[in-house]
file data.txt (compact mmCIF, C-alpha atoms)
# COMPACT_ATOMS: atom_id res chain seq x y z
CA MET J 1 76.76 -95.59 144.46
CA ARG J 2 77.74 -98.04 141.77
CA ASN J 3 81.19 -96.45 141.56
CA LEU J 4 81.59 -96.87 145.31
CA ALA J 5 80.51 -100.51 145.10
CA SER J 6 82.96 -101.26 142.30
CA LEU J 7 85.71 -99.44 144.21
CA VAL J 8 85.04 -101.57 147.29
CA PHE J 9 84.96 -104.67 145.12
CA ALA J 10 88.26 -103.78 143.41
CA ALA J 11 89.90 -103.04 146.77
CA GLY J 12 88.67 -106.37 148.13
CA LEU J 13 89.94 -108.24 145.09
CA GLY J 14 93.30 -106.50 145.37
CA PHE J 15 93.56 -107.37 149.05
CA PHE J 16 92.60 -110.97 148.34
CA LEU J 17 95.17 -111.32 145.56
CA THR J 18 97.89 -109.70 147.69
CA VAL J 19 97.22 -112.11 150.53
CA LEU J 20 97.28 -115.03 148.12
CA LEU J 21 100.53 -113.85 146.52
CA LEU J 22 102.20 -113.39 149.90
CA GLN J 23 101.37 -116.99 150.75
CA PHE J 24 103.15 -118.47 147.75
CA GLY J 25 106.81 -119.20 147.77
CA PHE J 26 107.65 -118.66 144.13
CA GLY J 27 110.27 -120.92 142.65
CA GLU J 28 109.74 -123.64 145.25
CA PRO J 29 107.12 -126.08 144.08
CA PRO J 30 104.78 -126.73 146.99
CA MET J 31 103.84 -130.20 145.79
CA ILE J 32 105.92 -133.27 146.41
CA VAL J 33 103.87 -135.65 144.30
CA GLY J 34 105.52 -134.42 141.08
CA GLN J 35 108.95 -135.51 142.20
CA ALA J 36 107.63 -138.88 143.31
CA ILE J 37 105.99 -139.48 139.94
CA GLN J 38 109.16 -138.44 138.11
CA ASP J 39 111.19 -140.87 140.14
CA GLY J 40 108.87 -143.84 139.80
CA ALA J 41 106.85 -143.46 136.60
CA ALA J 42 109.37 -145.03 134.23
CA GLU J 43 109.49 -148.32 136.13
CA THR J 44 105.87 -148.46 137.32
CA VAL J 45 104.02 -147.47 134.17
CA GLY J 46 106.63 -147.77 131.41
CA ALA J 47 105.57 -144.75 129.36
CA ALA J 48 108.44 -142.60 128.11
CA ASN J 49 106.13 -139.59 128.19
CA PHE J 50 105.48 -139.00 131.88
CA VAL J 51 102.52 -136.76 131.14
CA THR J 52 100.77 -139.73 129.59
CA SER J 53 101.49 -141.90 132.60
CA VAL J 54 99.88 -139.25 134.78
CA VAL J 55 96.92 -138.71 132.47
CA LEU J 56 96.07 -142.37 131.92
CA ALA J 57 97.57 -144.31 134.80
CA TYR J 58 97.87 -142.19 137.94
CA ARG J 59 94.86 -140.02 137.08
CA GLY J 60 92.97 -142.31 134.72
CA ILE J 61 89.63 -141.69 136.34
CA ASP J 62 90.07 -137.94 135.85
CA THR J 63 90.45 -138.64 132.14
CA LEU J 64 87.23 -140.62 132.23
CA GLY J 65 85.60 -137.59 133.84
CA GLU J 66 86.99 -135.36 131.11
CA LEU J 67 85.59 -137.66 128.47
CA SER J 68 82.17 -137.61 130.07
CA ILE J 69 82.26 -133.82 130.31
CA LEU J 70 83.14 -133.62 126.63
CA PHE J 71 80.33 -136.03 125.82
CA ALA J 72 77.87 -133.98 127.85
CA ALA J 73 79.02 -130.78 126.14
CA ALA J 74 78.68 -132.28 122.66
CA ALA J 75 75.28 -133.76 123.50
CA ALA J 76 74.09 -130.42 124.90
CA ALA J 77 75.31 -128.60 121.81
CA GLY J 78 73.46 -131.08 119.62
CA LEU J 79 70.35 -130.58 121.72
CA ALA J 80 70.61 -126.79 121.56
CA LEU J 81 71.13 -126.86 117.81
CA GLY J 82 68.03 -128.99 117.38
CA SER J 83 67.54 -132.20 115.48
CA ARG J 84 65.77 -130.89 112.42
CA ARG J 85 67.05 -132.60 109.31
CA PRO J 86 69.03 -130.25 107.07
CA ALA J 87 67.92 -129.97 103.49
CA PRO J 88 69.77 -132.66 101.52
CA ALA J 89 72.49 -131.47 99.20
CA ALA J 90 72.14 -127.88 100.39
CA GLY J 91 75.35 -125.90 99.90
CA GLU J 92 77.36 -125.99 96.70
CA ASP J 93 80.91 -127.20 96.50
CA ALA J 94 83.54 -124.71 97.55
CA GLY J 95 86.11 -123.15 95.26
CA PHE J 96 88.95 -124.96 93.54
CA ILE J 97 91.60 -124.02 96.08
CA LEU J 98 89.65 -125.40 99.05
CA ARG J 99 88.73 -128.58 97.18
CA ALA J 100 92.31 -129.26 96.05
CA GLY J 101 93.62 -128.30 99.47
CA SER J 102 91.21 -130.66 101.22
CA ASP J 103 92.24 -133.56 98.95
CA LEU J 104 95.86 -132.78 99.81
CA LEU J 105 95.34 -132.20 103.53
CA PHE J 106 92.99 -135.07 104.34
CA PRO J 107 95.53 -137.95 104.18
CA LEU J 108 98.24 -135.77 105.72
CA LEU J 109 96.10 -134.80 108.71
CA LEU J 110 94.90 -138.38 109.08
CA VAL J 111 98.47 -139.64 109.32
CA VAL J 112 99.53 -136.86 111.71
CA GLY J 113 96.51 -137.40 113.95
CA LEU J 114 96.97 -141.17 114.14
CA TYR J 115 100.70 -140.72 114.70
CA ILE J 116 100.11 -138.36 117.60
CA ILE J 117 97.55 -140.72 119.12
CA LEU J 118 99.61 -143.89 118.73
CA HIS J 119 102.83 -142.26 119.97
CA GLY J 120 101.08 -140.59 122.89
CA HIS J 121 103.02 -142.72 125.36
CA LEU J 122 106.38 -141.92 123.75
CA THR J 123 106.33 -138.31 122.55
CA PRO J 124 104.33 -135.22 123.51
CA GLY J 125 100.76 -135.51 122.41
CA GLY J 126 98.10 -138.12 122.85
CA GLY J 127 94.46 -138.88 122.48
CA PHE J 128 93.04 -135.42 122.95
CA GLN J 129 95.44 -133.60 120.63
CA GLY J 130 95.38 -136.29 117.97
CA GLY J 131 91.61 -136.57 118.24
CA VAL J 132 91.19 -132.88 117.51
CA ILE J 133 93.46 -133.25 114.48
CA LEU J 134 91.41 -136.25 113.30
CA ALA J 135 88.24 -134.17 113.67
CA ALA J 136 89.84 -131.44 111.54
CA ALA J 137 90.90 -134.03 108.97
CA PHE J 138 87.35 -135.29 108.58
CA PHE J 139 85.81 -131.82 108.69
CA ILE J 140 87.88 -130.22 105.93
CA PRO J 141 86.40 -132.41 103.13
CA VAL J 142 82.92 -131.52 104.43
CA LEU J 143 83.87 -127.85 104.22
CA ALA J 144 85.03 -128.33 100.64
CA ARG J 145 82.07 -130.45 99.51
CA PRO J 146 79.12 -129.77 101.82
CA SER J 147 76.75 -131.91 99.73
CA ARG J 148 78.60 -135.08 100.58
CA GLY J 149 78.56 -134.66 104.35
CA LEU J 150 79.44 -137.14 107.06
CA ARG J 151 77.19 -139.91 108.28
CA HIS J 152 76.06 -139.09 111.82
CA SER J 153 75.24 -142.73 112.50
CA THR J 154 78.83 -143.80 111.74
CA LEU J 155 80.21 -141.05 113.96
CA SER J 156 77.92 -142.04 116.82
CA LEU J 157 78.91 -145.67 116.40
CA VAL J 158 82.64 -144.87 116.53
CA GLU J 159 82.10 -142.57 119.51
CA GLY J 160 80.05 -145.11 121.41
CA PHE J 161 82.44 -147.97 120.80
CA ALA J 162 85.48 -145.89 121.74
CA GLY J 163 83.87 -144.67 124.95
CA ALA J 164 82.73 -148.18 125.83
CA GLY J 165 86.21 -149.52 125.03
CA PHE J 166 87.80 -147.13 127.52
CA ILE J 167 85.45 -148.27 130.26
CA VAL J 168 85.79 -151.94 129.30
CA ILE J 169 89.59 -151.73 129.59
CA GLY J 170 89.15 -150.12 132.99
CA LEU J 171 86.71 -152.82 134.12
CA MET J 172 89.04 -155.57 132.89
CA ALA J 173 91.74 -154.06 135.07
CA LEU J 174 89.25 -154.00 137.93
CA LEU J 175 88.60 -157.72 137.52
CA TRP J 176 92.23 -158.60 136.93
CA ASP J 177 94.02 -156.47 139.45
CA GLY J 178 91.33 -155.11 141.70
CA GLN J 179 91.84 -151.46 140.63
CA PHE J 180 89.88 -149.53 138.06
CA LEU J 181 92.02 -148.44 135.06
CA GLN J 182 95.16 -150.03 136.45
CA PRO J 183 97.62 -150.47 133.52
CA LEU J 184 97.82 -154.12 132.51
CA LEU J 185 99.95 -156.26 130.19
CA GLY J 186 103.27 -155.30 131.73
CA THR J 187 105.38 -152.26 131.02
CA GLY J 188 107.49 -153.48 128.07
CA THR J 189 110.68 -151.76 127.00
CA LEU J 190 110.77 -148.08 127.84
CA GLY J 191 110.55 -146.04 124.67
CA SER J 192 109.47 -148.73 122.21
CA LEU J 193 106.19 -148.44 120.33
CA VAL J 194 104.62 -151.47 122.01
CA SER J 195 105.13 -150.59 125.64
CA ALA J 196 103.32 -149.19 128.66
CA GLY J 197 100.72 -151.96 128.62
CA THR J 198 97.16 -150.79 127.99
CA LEU J 199 97.98 -147.08 127.80
CA PRO J 200 98.19 -146.91 123.96
CA MET J 201 94.82 -148.68 123.70
CA LEU J 202 93.28 -146.24 126.15
CA TYR J 203 94.70 -143.32 124.18
CA LEU J 204 93.39 -144.79 120.93
CA ALA J 205 89.93 -144.98 122.49
CA VAL J 206 90.25 -141.39 123.74
CA GLY J 207 91.42 -140.18 120.33
CA LEU J 208 88.65 -141.88 118.39
CA LYS J 209 86.03 -140.64 120.83
CA VAL J 210 87.26 -137.04 120.80
CA GLY J 211 87.64 -137.05 117.02
CA ALA J 212 84.19 -138.49 116.33
CA GLU J 213 82.57 -136.18 118.86
CA LEU J 214 84.13 -132.97 117.59
CA ALA J 215 83.70 -133.88 113.92
CA GLY J 216 80.03 -134.57 114.62
CA LEU J 217 79.69 -131.25 116.42
CA LEU J 218 81.31 -129.29 113.58
CA VAL J 219 79.26 -131.04 110.90
CA HIS J 220 76.13 -130.39 112.95
CA LEU J 221 76.93 -126.67 113.24
CA MET J 222 77.63 -126.49 109.52
CA ALA J 223 74.63 -128.53 108.34
CA ARG J 224 72.07 -126.69 110.45
CA GLU J 225 73.34 -123.41 109.19
CA GLU J 226 72.94 -124.65 105.61
CA GLY J 227 69.36 -125.68 106.17
CA GLU J 228 68.52 -122.17 107.34
CA ALA J 229 70.41 -120.04 104.84
CA MET W 1 117.81 -114.79 124.82
CA PHE W 2 115.01 -116.68 126.51
CA PHE W 3 113.72 -113.48 128.09
CA TRP W 4 113.56 -111.68 124.75
CA MET W 5 111.78 -114.58 123.04
CA VAL W 6 109.18 -114.67 125.82
CA LEU W 7 108.83 -110.90 125.63
CA VAL W 8 108.18 -111.00 121.87
CA VAL W 9 105.57 -113.73 122.31
CA VAL W 10 103.84 -111.93 125.17
CA VAL W 11 103.74 -108.65 123.27
CA LEU W 12 102.31 -110.49 120.26
CA MET W 13 99.64 -112.02 122.48
CA LEU W 14 98.72 -108.65 123.97
CA VAL W 15 98.55 -106.98 120.55
CA ALA W 16 96.35 -109.77 119.19
CA ALA W 17 94.12 -109.63 122.26
CA VAL W 18 93.63 -105.89 121.84
CA ALA W 19 93.00 -106.46 118.14
CA VAL W 20 90.13 -108.82 119.02
CA LEU W 21 88.42 -105.93 120.81
CA VAL W 22 89.23 -103.26 118.28
CA LEU W 23 88.62 -104.96 114.94
CA ASP W 24 85.31 -104.28 113.20
CA ASN W 25 85.33 -107.38 111.05
CA MET W 26 84.06 -110.31 113.11
CA ILE W 27 86.01 -112.93 111.20
CA ALA W 28 89.19 -110.91 111.63
CA ALA W 29 88.48 -110.79 115.37
CA VAL W 30 88.12 -114.59 115.42
CA ALA W 31 91.42 -114.89 113.57
CA ALA W 32 93.06 -112.56 116.10
CA ALA W 33 91.71 -114.70 118.95
CA SER W 34 93.32 -117.69 117.26
CA VAL W 35 96.60 -115.76 117.08
CA VAL W 36 96.43 -115.29 120.86
CA SER W 37 96.14 -119.05 121.29
CA LEU W 38 98.90 -119.74 118.79
CA ALA W 39 101.29 -117.40 120.58
CA LEU W 40 100.28 -118.96 123.88
CA SER W 41 101.18 -122.40 122.50
CA VAL W 42 104.61 -121.04 121.48
CA LEU W 43 104.96 -119.76 125.04
CA PHE W 44 104.12 -123.24 126.35
CA VAL W 45 106.85 -124.71 124.15
CA LEU W 46 109.31 -122.16 125.51
CA LEU W 47 108.26 -123.15 129.03
CA ARG W 48 108.89 -126.83 128.15
CA ALA W 49 105.33 -128.03 128.22
CA PRO W 50 104.96 -129.51 124.71
CA ASP W 51 101.87 -131.56 125.61
CA VAL W 52 99.96 -128.50 126.71
CA ALA W 53 101.30 -126.60 123.71
CA MET W 54 99.87 -129.18 121.32
CA THR W 55 96.51 -129.06 123.04
CA GLU W 56 96.52 -125.27 122.94
CA ALA W 57 97.46 -125.19 119.26
CA ALA W 58 94.89 -127.81 118.25
CA VAL W 59 92.00 -126.73 120.46
CA GLY W 60 92.65 -123.05 121.10
CA ALA W 61 94.02 -121.95 117.76
CA GLY W 62 92.25 -124.42 115.49
CA LEU W 63 89.03 -125.81 116.82
CA SER W 64 87.69 -122.93 118.91
CA GLY W 65 88.33 -120.50 116.07
CA LEU W 66 86.45 -122.81 113.74
CA ILE W 67 83.52 -123.14 116.15
CA LEU W 68 83.42 -119.37 116.68
CA ALA W 69 83.48 -118.78 112.93
CA LEU W 70 80.72 -121.31 112.29
CA GLY W 71 78.61 -119.84 115.07
CA MET W 72 79.19 -116.36 113.66
CA ARG W 73 78.08 -117.62 110.27
CA ARG W 74 74.95 -119.12 111.81
CA LEU W 75 74.11 -115.83 113.49
CA GLY W 76 74.66 -113.95 110.26
CA LEU W 77 77.49 -111.83 111.64
CA TRP W 78 79.80 -112.27 108.69
CA ARG W 79 80.71 -108.84 107.47
CA LEU W 80 82.01 -109.36 103.97
CA ASP W 81 83.72 -106.47 102.26
CA ASN W 82 81.49 -106.83 99.23
CA PRO W 83 77.80 -106.80 100.25
CA SER W 84 76.62 -107.74 96.76
CA ALA W 85 78.51 -111.03 96.98
CA ARG W 86 76.53 -111.93 100.10
CA GLN W 87 73.31 -110.90 98.37
CA GLY W 88 74.08 -113.09 95.35
CA ASP W 89 74.89 -115.97 97.69
CA ARG W 90 71.55 -115.63 99.39
CA ASP W 91 69.63 -115.52 96.11
CA ALA W 92 71.27 -118.62 94.76
call {"tool": "encode", "arguments": {"input": "data.txt", "output": "structure tokens"}}
result
Amino acid sequence: MRNLASLVFAAGLGFFLTVLLLQFGFGEPPMIVGQAIQDGAAETVGAANFVTSVVLAYRGIDTLGELSILFAAAAAAGLALGSRRPAPAAGEDAGFILRAGSDLLFPLLLVVGLYIILHGHLTPGGGFQGGVILAAAFFIPVLARPSRGLRHSTLSLVEGFAGAGFIVIGLMALLWDGQFLQPLLGTGTLGSLVSAGTLPMLYLAVGLKVGAELAGLLVHLMAREEGEA
Amino acid sequence: MFFWMVLVVVVLMLVAAVAVLVLDNMIAAVAAASVVSLALSVLFVLLRAPDVAMTEAAVGAGLSGLILALGMRRLGLWRLDNPSARQGDRDA
């Protein structure tokens, strides 16, 4: 009976996929909005990286939604992991190689992460990618020296201010121009570091928020585990 | 040339994905899952989507592997080759 059911299900799925595949004209993009953005983004937004102009200008409110989803996920993970205080100075320091490697990698990752965030409107990358790298940069020293840890209050403060900054920039645009998250401050010269108006600020807020959130999540996972071991 | 590069990357992805299922060592399986993501990010670069490739490399290969490994450690699913080392760790 179960075999029959799965056979029927597989046949239905196959039929569904075949119908879907027959509908698509491969090689001819069905959307026309991409071409329109490619034609107009350089003048309208002023970001050399068109992906950024889509992520922060044309679809800025989607990015706000992404940020809130990330916040909800991190908050839920913190809730699921509990709020019991880990034993202070639990784990011992890691071996020599990890300690030396973390000292070497921390400034390097910090620079790379900030570079990717601040050049998000010029080169591939941006707030999300750079924020993850920042989280890794701040997590590696914790891995090497668990007793030192990261201050959760500082992380929450950074996260809160970055998230509020994103919304405040959007609200300023709402007051100024009548549209939420409309890029302000002019476009500047295409391809220079100070260009594309408020987009670099928005990406800085995104990067700090993502970095603080993920670093807090990782430290939380690590610290709880220490308290139990 | 392009075809062969894509083929190598795809085969690497498939091998790593099968390795995730086959490997006994949990940490090795996590590492293999990261290899899938890393190869996928190379594929994104080949397909000229560097933004997505950076996200995939940072989140897929780095962060999710780290979270999986930490969760595995929390659940006590590390399988170290030397059981006495784990025992000594627990006693300390």
call {"tool": "residues_near_point", "arguments": {"input": "data.txt", "point": "(89.5, -122.0, 116.7)", "cutoff": "12 Å", "atoms": "all atoms listed in the file", "output": "mmCIF file with C-alpha atoms, in the coordinates of the input"}}
result
data_model
loop_
_atom_site.group_PDB
_atom_site.id
_atom_site.type_symbol
_atom_site.label_atom_id
_atom_site.label_comp_id
_atom_site.auth_asym_id
_atom_site.auth_seq_id
_atom_site.Cartn_x
_atom_site.Cartn_y
_atom_site.Cartn_z
ATOM 1 C CA VAL J 132 91.190 -132.880 117.510
ATOM 2 C CA ALA J 136 89.840 -131.440 111.540
ATOM 3 C CA LEU J 218 81.310 -129.290 113.580
ATOM 4 C CA ILE W 27 86.010 -112.930 111.200
ATOM 5 C CA ALA W 29 88.480 -110.790 115.370
ATOM 6 C CA VAL W 30 88.120 -114.590 115.420
ATOM 7 C CA ALA W 31 91.420 -114.890 113.570
ATOM 8 C CA ALA W 32 93.060 -112.560 116.100
ATOM 9 C CA ALA W 33 91.710 -114.700 118.950
ATOM 10 C CA SER W 34 93.320 -117.690 117.260
ATOM 11 C CA VAL W 35 96.600 -115.760 117.080
ATOM 12 C CA VAL W 36 96.430 -115.290 120.860
ATOM 13 C CA SER W 37 96.140 -119.050 121.290
ATOM 14 C CA LEU W 38 98.900 -119.740 118.790
ATOM 15 C CA THR W 55 96.510 -129.060 123.040
ATOM 16 C CA GLU W 56 96.520 -125.270 122.940
ATOM 17 C CA ALA W 57 97.460 -125.190 119.260
ATOM 18 C CA ALA W 58 94.890 -127.810 118.250
ATOM 19 C CA VAL W 59 92.000 -126.730 120.460
ATOM 20 C CA GLY W 60 92.650 -123.050 121.100
ATOM 21 C CA ALA W 61 94.020 -121.950 117.760
ATOM 22 C CA GLY W 62 92.250 -124.420 115.490
ATOM 23 C CA LEU W 63 89.030 -125.810 116.820
ATOM 24 C CA SER W 64 87.690 -122.930 118.910
ATOM 25 C CA GLY W 65 88.330 -120.500 116.070
ATOM 26 C CA LEU W 66 86.450 -122.810 113.740
ATOM 27 C CA ILE W 67 83.520 -123.140 116.150
ATOM 28 C CA LEU W 68 83.420 -119.370 116.680
ATOM 29 C CA ALA W 69 83.480 -118.780 112.930
ATOM 30 C CA LEU W 70 80.720 -121.310 112.290
ATOM 31 C CA GLY W 71 78.610 -119.840 115.070
#
call {"tool": "closest_atom_pairs", "arguments": {"input": "data.txt", "of": "chain W", "to": "chain J", "cutoff": "6 Å", "atoms": "only C-alpha atoms", "output": "tab-separated table"}}
result
residue	atom	partner	partner_atom	distance
W:Pro50	CA	J:Pro124	CA	5.9
W:Asp51	CA	J:Pro124	CA	4.9
W:Thr55	CA	J:Gln129	CA	5.3
W:Arg74	CA	J:Glu225	CA	5.3
call {"tool": "atom_distance", "arguments": {"input": "data.txt", "atom1": "CA of Met13 in chain W", "atom2": "CA of Leu20 in chain J"}}
result
25.9 Å
call {"tool": "residues_around", "arguments": {"input": "data.txt", "residues": "His119 in chain J", "least_positions_apart": "4", "cutoff": "12 Å", "atoms": "all atoms listed in the file", "output": "list in words"}}
result
Ala47, Ala48, Asn49, Thr52, Val111, Val112, Gly113, Leu114, Tyr115, Thr123, Pro124, Gly125, Gly126, Gly127, Gln129, Gly130, Gly191, Ser192, Leu193, Val194, Ser195, Ala196, Leu199, Pro200, Met201, Tyr203, Leu204 and Gly207 of chain J
call {"tool": "residues_near_point", "arguments": {"input": "data.txt", "point": "(86.5, -148.7, 120.6)", "cutoff": "12 Å", "atoms": "only C-alpha atoms", "output": "ChimeraX atom specification"}}
result
/J:155-169,201-210,212
call {"tool": "atom_distance", "arguments": {"input": "data.txt", "atom1": "CA of His220 in chain J", "atom2": "CA of Thr63 in chain J"}}
result
25.3 Å
call {"tool": "atom_distance", "arguments": {"input": "data.txt", "atom1": "CA of Ala41 in chain J", "atom2": "CA of Ile61 in chain J"}}
result
17.3 Å
call {"tool": "build_atoms", "arguments": {"input": "data.txt", "residues": "range 48-60 of chain W", "atoms": "N, CA and C atoms", "output": "mmCIF file, in the coordinates of the input"}}
result
data_model
loop_
_atom_site.group_PDB
_atom_site.id
_atom_site.type_symbol
_atom_site.label_atom_id
_atom_site.label_comp_id
_atom_site.auth_asym_id
_atom_site.auth_seq_id
_atom_site.Cartn_x
_atom_site.Cartn_y
_atom_site.Cartn_z
ATOM 1 N N ARG W 48 108.658 -125.379 128.129
ATOM 2 C CA ARG W 48 108.890 -126.830 128.150
ATOM 3 C C ARG W 48 107.663 -127.616 128.572
ATOM 4 N N ALA W 49 106.534 -127.252 128.000
ATOM 5 C CA ALA W 49 105.330 -128.030 128.220
ATOM 6 C C ALA W 49 104.733 -128.395 126.859
ATOM 7 N N PRO W 50 105.409 -129.256 126.094
ATOM 8 C CA PRO W 50 104.960 -129.510 124.710
ATOM 9 C C PRO W 50 103.576 -130.154 124.642
ATOM 10 N N ASP W 51 103.210 -130.953 125.636
ATOM 11 C CA ASP W 51 101.870 -131.560 125.610
ATOM 12 C C ASP W 51 100.784 -130.502 125.650
ATOM 13 N N VAL W 52 100.939 -129.573 126.589
ATOM 14 C CA VAL W 52 99.960 -128.500 126.710
ATOM 15 C C VAL W 52 99.981 -127.627 125.470
ATOM 16 N N ALA W 53 101.190 -127.441 124.905
ATOM 17 C CA ALA W 53 101.300 -126.600 123.710
ATOM 18 C C ALA W 53 100.528 -127.211 122.557
ATOM 19 N N MET W 54 100.611 -128.542 122.407
ATOM 20 C CA MET W 54 99.870 -129.180 121.320
ATOM 21 C C MET W 54 98.373 -129.061 121.528
ATOM 22 N N THR W 55 97.940 -129.227 122.768
ATOM 23 C CA THR W 55 96.510 -129.060 123.040
ATOM 24 C C THR W 55 96.078 -127.643 122.724
ATOM 25 N N GLU W 56 96.877 -126.680 123.164
ATOM 26 C CA GLU W 56 96.520 -125.270 122.940
ATOM 27 C C GLU W 56 96.460 -124.960 121.452
ATOM 28 N N ALA W 57 97.447 -125.486 120.690
ATOM 29 C CA ALA W 57 97.460 -125.190 119.260
ATOM 30 C C ALA W 57 96.276 -125.845 118.568
ATOM 31 N N ALA W 58 95.968 -127.101 118.941
ATOM 32 C CA ALA W 58 94.890 -127.810 118.250
ATOM 33 C C ALA W 58 93.519 -127.284 118.663
ATOM 34 N N VAL W 59 93.327 -127.124 119.972
ATOM 35 C CA VAL W 59 92.000 -126.730 120.460
ATOM 36 C C VAL W 59 91.833 -125.224 120.405
ATOM 37 N N GLY W 60 92.805 -124.496 120.992
ATOM 38 C CA GLY W 60 92.650 -123.050 121.100
ATOM 39 C C GLY W 60 92.743 -122.347 119.760
#
